[in-house]
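So this block is input05.tsv, TSV, C-alpha atoms and all ligand atoms:
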```tsv
chain	number	residue	atom	x	y	z
A	1	MET	CA	0.44	-10.89	16.56
A	2	TYR	CA	0.80	-11.22	12.80
A	3	GLN	CA	3.11	-13.20	10.51
A	4	LEU	CA	3.65	-11.94	6.98
A	5	TYR	CA	4.92	-14.47	4.46
A	6	TYR	CA	6.84	-12.27	2.09
A	7	TYR	CA	9.50	-11.94	-0.54
A	8	PRO	CA	11.26	-8.60	-1.19
A	9	ASN	CA	9.39	-6.36	-3.62
A	10	ASN	CA	6.67	-8.94	-4.24
A	11	ALA	CA	2.93	-8.43	-3.66
A	12	SER	CA	3.78	-8.67	0.04
A	13	LEU	CA	5.30	-5.17	-0.11
A	14	ALA	CA	1.95	-3.38	0.33
A	15	PRO	CA	0.93	-5.48	3.37
A	16	HIS	CA	4.40	-4.89	4.77
A	17	PHE	CA	3.85	-1.12	4.44
A	18	PHE	CA	0.54	-1.39	6.33
A	19	LEU	CA	1.94	-3.52	9.16
A	20	HIS	CA	4.85	-1.13	9.61
A	21	HIS	CA	2.75	2.04	9.29
A	22	MET	CA	0.27	0.75	11.89
A	23	ARG	CA	3.13	-0.14	14.26
A	24	LEU	CA	1.74	-3.66	14.60
A	25	ASP	CA	3.52	-6.55	16.20
A	26	TYR	CA	4.54	-8.78	13.29
A	27	ASP	CA	7.10	-11.33	12.18
A	28	LEU	CA	8.40	-11.43	8.64
A	29	VAL	CA	8.69	-14.95	7.23
A	30	LEU	CA	10.81	-15.03	4.08
A	31	VAL	CA	9.35	-17.39	1.47
A	32	ASP	CA	12.20	-19.25	-0.17
A	33	LYS	CA	11.21	-18.75	-3.80
A	34	LYS	CA	14.44	-20.28	-5.06
A	35	SER	CA	13.41	-23.64	-3.62
A	36	ASN	CA	9.80	-23.04	-4.74
A	37	TRP	CA	8.66	-23.20	-1.13
A	38	HIS	CA	5.49	-21.28	-2.06
A	39	LYS	CA	4.39	-24.42	-3.95
A	40	SER	CA	5.18	-26.77	-1.03
A	41	PRO	CA	2.36	-28.66	0.76
A	42	GLU	CA	3.24	-26.73	3.93
A	43	TYR	CA	2.75	-23.31	2.29
A	44	LEU	CA	-0.23	-24.42	0.19
A	45	LYS	CA	-2.05	-25.14	3.46
A	46	LEU	CA	-1.78	-21.42	4.21
A	47	ASN	CA	-2.32	-20.21	0.67
A	48	PRO	CA	-3.75	-22.75	-1.80
A	49	ALA	CA	-2.94	-20.38	-4.68
A	50	GLY	CA	0.78	-20.79	-3.91
A	51	ARG	CA	1.30	-17.05	-4.16
A	52	ILE	CA	2.94	-14.39	-2.02
A	53	PRO	CA	1.77	-12.82	0.29
A	54	THR	CA	-0.02	-14.62	3.06
A	55	LEU	CA	-0.83	-12.91	6.35
A	56	VAL	CA	-1.47	-15.00	9.43
A	57	ASP	CA	-3.59	-13.18	11.99
A	58	ASN	CA	-3.73	-14.99	15.32
A	59	GLY	CA	-3.33	-18.32	13.55
A	60	GLN	CA	-5.77	-17.53	10.73
A	61	PRO	CA	-4.20	-17.36	7.26
A	62	ILE	CA	-5.46	-14.72	4.82
A	63	PHE	CA	-4.30	-14.55	1.21
A	64	GLU	CA	-4.77	-11.94	-1.55
A	65	SER	CA	-3.01	-8.62	-0.95
A	66	ALA	CA	-6.18	-6.51	-1.31
A	67	ALA	CA	-8.04	-8.65	1.23
A	68	ILE	CA	-5.12	-8.30	3.63
A	69	CYS	CA	-5.14	-4.55	3.04
A	70	ILE	CA	-8.85	-4.14	3.82
A	71	HIS	CA	-8.61	-6.44	6.84
A	72	LEU	CA	-5.71	-4.53	8.42
A	73	CYS	CA	-7.31	-1.14	7.68
A	74	GLU	CA	-10.60	-2.24	9.26
A	75	GLN	CA	-8.92	-3.82	12.28
A	76	HIS	CA	-6.92	-0.67	12.96
A	77	PRO	CA	-9.05	2.30	11.81
A	78	GLU	CA	-7.18	4.63	14.19
A	79	TYR	CA	-4.35	4.80	11.63
A	80	GLN	CA	-6.81	6.27	9.12
A	81	LEU	CA	-5.58	4.34	6.11
A	82	ILE	CA	-9.23	3.79	5.14
A	83	PRO	CA	-11.88	6.55	5.19
A	84	PRO	CA	-14.60	5.99	7.80
A	85	LEU	CA	-17.85	4.19	6.91
A	86	GLY	CA	-20.32	6.76	5.66
A	87	SER	CA	-17.64	9.07	4.26
A	88	PRO	CA	-18.01	9.73	0.51
A	89	LYS	CA	-14.33	8.76	0.27
A	90	ARG	CA	-15.05	5.21	1.45
A	91	PRO	CA	-16.37	3.94	-1.92
A	92	LEU	CA	-13.48	5.72	-3.63
A	93	PHE	CA	-11.12	3.71	-1.47
A	94	TYR	CA	-12.70	0.49	-2.76
A	95	GLN	CA	-12.71	1.86	-6.29
A	96	TRP	CA	-8.99	2.66	-6.37
A	97	LEU	CA	-7.93	-0.44	-4.50
A	98	ALA	CA	-9.94	-2.56	-6.95
A	99	PHE	CA	-8.51	-0.68	-9.91
A	100	LEU	CA	-4.98	-1.22	-8.67
A	101	ASN	CA	-5.40	-4.86	-7.66
A	102	ASN	CA	-7.82	-6.00	-10.41
A	103	THR	CA	-6.66	-3.93	-13.38
A	104	LEU	CA	-3.09	-2.68	-13.11
A	105	GLN	CA	-1.69	-5.60	-11.10
A	106	PRO	CA	-2.95	-8.33	-13.49
A	107	GLN	CA	-1.65	-6.29	-16.44
A	108	LEU	CA	1.78	-6.33	-14.80
A	109	MET	CA	1.49	-10.05	-14.02
A	110	VAL	CA	0.81	-10.89	-17.68
A	111	ARG	CA	3.72	-8.66	-18.67
A	112	TYR	CA	6.19	-10.32	-16.30
A	113	TYR	CA	4.89	-13.90	-16.68
A	114	PRO	CA	4.00	-13.90	-20.44
A	115	HIS	CA	4.75	-17.61	-20.86
A	116	ARG	CA	1.85	-18.37	-18.51
A	117	ASN	CA	-0.49	-16.64	-20.92
A	118	ILE	CA	0.73	-17.74	-24.32
A	119	LYS	CA	2.26	-21.00	-25.49
A	120	ASP	CA	3.82	-19.67	-28.69
A	121	GLU	CA	7.29	-18.45	-27.70
A	122	GLN	CA	7.61	-16.19	-30.76
A	123	SER	CA	4.52	-14.21	-29.78
A	124	ILE	CA	5.89	-13.26	-26.38
A	125	PRO	CA	7.55	-9.95	-27.43
A	126	ALA	CA	4.25	-8.86	-29.05
A	127	LEU	CA	2.35	-9.78	-25.89
A	128	ILE	CA	4.77	-7.76	-23.74
A	129	ALA	CA	4.45	-4.77	-26.09
A	130	ALA	CA	0.65	-4.99	-25.94
A	131	GLN	CA	0.73	-5.21	-22.15
A	132	ASP	CA	3.01	-2.19	-21.96
A	133	GLU	CA	0.30	-0.23	-23.76
A	134	ARG	CA	-2.40	-1.49	-21.35
A	135	ILE	CA	-0.18	-0.56	-18.37
A	136	ALA	CA	0.41	2.93	-19.81
A	137	GLU	CA	-3.38	3.37	-20.14
A	138	SER	CA	-3.83	2.49	-16.47
A	139	LEU	CA	-0.97	4.75	-15.36
A	140	SER	CA	-2.49	7.56	-17.38
A	141	ILE	CA	-5.81	7.22	-15.51
A	142	ILE	CA	-3.89	7.39	-12.22
A	143	ASP	CA	-1.87	10.37	-13.47
A	144	ASP	CA	-5.12	12.24	-14.25
A	145	GLN	CA	-6.40	11.53	-10.74
A	146	LEU	CA	-3.19	12.95	-9.26
A	147	ALA	CA	-3.38	16.16	-11.30
A	148	ASP	CA	-5.50	17.84	-8.60
A	149	ASN	CA	-4.93	15.49	-5.66
A	150	VAL	CA	-1.95	15.13	-3.38
A	151	TYR	CA	-2.88	11.48	-2.79
A	152	LEU	CA	-5.17	9.10	-4.66
A	153	LEU	CA	-8.19	9.89	-2.47
A	154	GLY	CA	-7.50	13.60	-2.05
A	155	SER	CA	-5.50	15.40	0.60
A	156	GLU	CA	-5.00	12.46	2.99
A	157	ILE	CA	-2.82	9.42	2.48
A	158	SER	CA	-4.61	6.05	2.43
A	159	ALA	CA	-3.68	2.39	1.99
A	160	CYS	CA	-4.31	2.86	-1.75
A	161	ASP	CA	-1.20	5.05	-1.94
A	162	PHE	CA	1.04	2.37	-0.48
A	163	PHE	CA	-0.52	-0.15	-2.87
A	164	LEU	CA	0.11	2.19	-5.79
A	165	PHE	CA	3.72	2.72	-4.75
A	166	MET	CA	4.30	-1.05	-4.91
A	167	LEU	CA	2.82	-1.32	-8.42
A	168	ALA	CA	4.65	1.80	-9.62
A	169	GLU	CA	7.93	0.23	-8.55
A	170	TRP	CA	7.09	-2.87	-10.58
A	171	SER	CA	6.22	-0.64	-13.55
A	172	LEU	CA	9.62	1.08	-13.75
A	173	PRO	CA	10.95	-1.20	-16.56
A	174	VAL	CA	7.86	-0.99	-18.81
A	175	ALA	CA	8.05	0.91	-22.10
A	176	ARG	CA	6.37	3.97	-20.56
A	177	SER	CA	7.71	4.21	-17.03
A	178	PRO	CA	5.50	5.81	-14.35
A	179	LEU	CA	8.19	8.49	-14.09
A	180	THR	CA	7.22	9.78	-17.56
A	181	PHE	CA	3.78	10.81	-16.24
A	182	PRO	CA	4.23	14.26	-14.69
A	183	HIS	CA	1.77	14.11	-11.79
A	184	LEU	CA	2.56	10.50	-10.98
A	185	ALA	CA	6.31	11.19	-11.05
A	186	GLY	CA	5.99	14.07	-8.56
A	187	TYR	CA	3.72	11.97	-6.35
A	188	LEU	CA	6.16	9.03	-6.34
A	189	LYS	CA	8.99	11.34	-5.41
A	190	ARG	CA	6.92	12.54	-2.43
A	191	MET	CA	5.96	8.98	-1.47
A	192	CYS	CA	9.67	8.05	-1.41
A	193	GLU	CA	10.17	10.52	1.39
A	194	HIS	CA	7.43	8.95	3.51
A	195	SER	CA	8.92	7.39	6.63
A	196	THR	CA	7.02	4.10	6.14
A	197	VAL	CA	8.12	3.75	2.52
A	198	LYS	CA	11.72	4.56	3.44
A	199	ALA	CA	11.83	2.14	6.38
A	200	VAL	CA	10.14	-0.82	4.67
A	201	CYS	CA	12.12	-0.43	1.44
A	202	GLU	CA	15.29	-0.42	3.49
A	203	ILE	CA	14.22	-3.62	5.29
A	204	GLU	CA	13.46	-5.24	1.92
A	205	GLY	CA	16.73	-4.00	0.39
A	206	MET	CA	15.05	-1.91	-2.30
A	207	ASP	CA	16.70	0.96	-4.12
A	208	LEU	CA	14.60	4.14	-4.20
A	209	THR	CA	17.04	6.25	-6.23
A	210	PRO	CA	15.17	5.83	-9.57
A	211	PHE	CA	12.22	7.74	-8.05
A	212	LYS	CA	14.41	10.60	-6.87
A	213	ALA	CA	15.83	11.60	-10.25
A	214	GLU	CA	15.08	15.13	-11.47
A	215	ILE	CA	11.76	15.29	-13.28
B	301	LIG	N1	-3.66	-11.58	-6.55
B	301	LIG	C1	-2.56	-11.97	-5.72
B	301	LIG	C2	-1.32	-12.11	-6.60
B	301	LIG	C3	-0.12	-12.53	-5.80
B	301	LIG	C4	1.04	-12.91	-6.72
B	301	LIG	O1	0.86	-13.26	-7.88
B	301	LIG	N2	2.24	-12.86	-6.15
B	301	LIG	C5	3.41	-13.22	-6.91
B	301	LIG	C6	4.62	-12.45	-6.40
B	301	LIG	S1	4.47	-10.74	-6.76
B	301	LIG	C7	3.71	-14.69	-6.74
B	301	LIG	O2	3.45	-15.25	-5.70
B	301	LIG	N3	4.27	-15.30	-7.78
B	301	LIG	C8	4.68	-16.66	-7.73
B	301	LIG	C9	3.86	-17.52	-8.60
B	301	LIG	O3	2.88	-17.06	-9.21
B	301	LIG	O4	4.20	-18.69	-8.71
B	301	LIG	C10	-2.35	-10.92	-4.64
B	301	LIG	O5	-2.55	-9.73	-4.91
B	301	LIG	O6	-2.01	-11.31	-3.50
```

Can I see the file as structure tokens?
Ligand SMILES: N[C@@H](CCC(=O)N[C@@H](CS)C(=O)NCC(=O)O)C(=O)O
Amino acid sequence: MYQLYYYPNNASLAPHFFLHHMRLDYDLVLVDKKSNWHKSPEYLKLNPAGRIPTLVDNGQPIFESAAICIHLCEQHPEYQLIPPLGSPKRPLFYQWLAFLNNTLQPQLMVRYYPHRNIKDEQSIPALIAAQDERIAESLSIIDDQLADNVYLLGSEISACDFFLFMLAEWSLPVARSPLTFPHLAGYLKRMCEHSTVKAVCEIEGMDLTPFKAEI
């Protein structure tokens, strides 16, 4: 039995996809961001970083979305969201998950929380513009990978694809939207039709229509 501490369309979205896709028994616990509950002593006991998500697995809290992803994939390998140990795809799984979580995600975080990274208010628009360029560079690398691959790792879907979908959704408002990259746009349109993406986005009240527009 799992509990996922979440907020709609936050970094909890990817873990939510995995829990749903793997048909696991889980409760969703909405973190009341408006009252800053993620900074409360009660929540900080679960996640000292005061961030969303946290997964509780049989009473044990785990934070960091990538760690939660690897843990769930390893606990439930029968759902094949991670290539088996020994497969040449296994290191590629780590590579893409790390790229998404350690490169693209922090670029988006700086973009959306610029005041945490610069004190000078007047410099904020320049910081956002610079981040938009960094994000476009990352999306371009992903677009190249998708030129000859149906999914990030090849012909089979993996947890990396659900992770990418979450970050692509966050990237929609940046100067160069993911939908302006041809391979990525087609891929996102396909991902929107995936039953897990559809179901979880409906639960979280997310609108998928931007991904469905004609390319
Ligand atoms: N590296 C963390 C980042 C989590 C994160 O920053 N989550 C955001 C929501 S998307 C959050 O909790 N923001 C509130 C805050 O930073 O105070 C992860 O991937 O789990």

Within 9 Å of ligand LIG 301 (chain B) (counting only C-alpha atoms and all ligand atoms), which residues show up? I'd like them as an MDAnalysis selection string.
chainID A and resid 6:7 9:13 33 36 38:39 49:54 63:68 101:102 105:106 109 113

Gap from atom CA of A:Tyr79 to atom CA of A:Gln95 - Å, one decimal:
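Result for atom CA of A:Tyr79 versus atom CA of A:Gln95: 20.0 Å, one decimal.
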
For A:Tyr187, please output as number ranges by chain all residues within 12 Å (counting all atoms listed in the file; exclusion window: fewer than 4 positions along the same chain).
A: 142-152, 157, 161-162, 164-165, 168, 178-183, 191-194, 211-212, 215

Could you put an axis-aligned box around every listed atom of stretch 24-41 of chain A, padded by 6 Å on each side, and send me its centre and edge lengths in Å to one decimal, as AutoDock Vina command-line options?
```
--center_x 8.1 --center_y -16.2 --center_z 5.6 --size_x 24.7 --size_y 37.0 --size_z 33.3
```

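The interatomic distance for the pair atom CA of A:Pro77 and atom CA of A:Leu28 works out to 22.4 Å.
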
For a test of reading the model, state the distance in Å between atom CA of A:Val174 and atom CA of A:Ser140, rounded to one decimal.
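Straight-line distance from atom CA of A:Val174 to atom CA of A:Ser140 works out to 13.5 Å.
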
Which of these, A:Arg111, A:Arg23, A:Arg116, A:His16, has the shortest distance to A:Ile135 once you count only C-alpha atoms?
A:Arg111

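The nearest approach to A:Met22 among the residues A:Asn117, A:Ser138, A:Gln60, A:Gln80, with only C-alpha atoms taken into account, belongs to A:Gln80.
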
Go through A:Leu153, A:Cys69, A:Pro173, A:Pro61 one by one, measure the shortest atom-to-atom distance of each to A:Lys45 using all atoms listed in the file, and give the residue with the smallest value.
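Closest to A:Lys45 of all the choices is A:Pro61.
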
Nearest residue to A:Ser177 out of A:Ala136, A:Ala213, A:Ala126, A:Leu208, using all atoms listed in the file?
A:Ala136

Fill-in result for stretch 15-31 of chain A, N, CA and C atoms as a CSV table (one decimal), keeping the file's coordinate frame:
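Output (result.csv):
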```csv
chain,number,residue,atom,x,y,z
A,15,PRO,N,1.2,-5.1,2.0
A,15,PRO,CA,0.9,-5.5,3.4
A,15,PRO,C,2.0,-5.1,4.4
A,16,HIS,N,3.3,-5.2,3.9
A,16,HIS,CA,4.4,-4.9,4.8
A,16,HIS,C,4.3,-3.4,5.1
A,17,PHE,N,4.0,-2.6,4.1
A,17,PHE,CA,3.8,-1.1,4.4
A,17,PHE,C,2.8,-0.9,5.5
A,18,PHE,N,1.7,-1.6,5.4
A,18,PHE,CA,0.5,-1.4,6.3
A,18,PHE,C,0.9,-1.8,7.7
A,19,LEU,N,1.6,-3.0,7.8
A,19,LEU,CA,1.9,-3.5,9.2
A,19,LEU,C,2.9,-2.6,9.8
A,20,HIS,N,3.9,-2.1,9.1
A,20,HIS,CA,4.8,-1.1,9.6
A,20,HIS,C,4.2,0.2,10.0
A,21,HIS,N,3.4,0.7,9.1
A,21,HIS,CA,2.8,2.0,9.3
A,21,HIS,C,1.9,2.0,10.5
A,22,MET,N,1.2,0.9,10.7
A,22,MET,CA,0.3,0.8,11.9
A,22,MET,C,1.0,0.3,13.2
A,23,ARG,N,2.3,0.2,13.1
A,23,ARG,CA,3.1,-0.1,14.3
A,23,ARG,C,2.6,-1.4,14.9
A,24,LEU,N,2.3,-2.4,14.1
A,24,LEU,CA,1.7,-3.7,14.6
A,24,LEU,C,2.9,-4.6,15.0
A,25,ASP,N,2.6,-5.5,15.8
A,25,ASP,CA,3.5,-6.6,16.2
A,25,ASP,C,3.5,-7.7,15.1
A,26,TYR,N,4.5,-7.8,14.4
A,26,TYR,CA,4.5,-8.8,13.3
A,26,TYR,C,5.9,-9.4,13.1
A,27,ASP,N,5.9,-10.6,12.6
A,27,ASP,CA,7.1,-11.3,12.2
A,27,ASP,C,7.1,-11.4,10.7
A,28,LEU,N,8.3,-11.2,10.1
A,28,LEU,CA,8.4,-11.4,8.6
A,28,LEU,C,8.9,-12.9,8.4
A,29,VAL,N,8.2,-13.6,7.6
A,29,VAL,CA,8.7,-15.0,7.2
A,29,VAL,C,9.1,-15.0,5.7
A,30,LEU,N,10.4,-15.1,5.5
A,30,LEU,CA,10.8,-15.0,4.1
A,30,LEU,C,10.4,-16.3,3.4
A,31,VAL,N,9.7,-16.2,2.3
A,31,VAL,CA,9.4,-17.4,1.5
A,31,VAL,C,10.5,-17.7,0.5
```
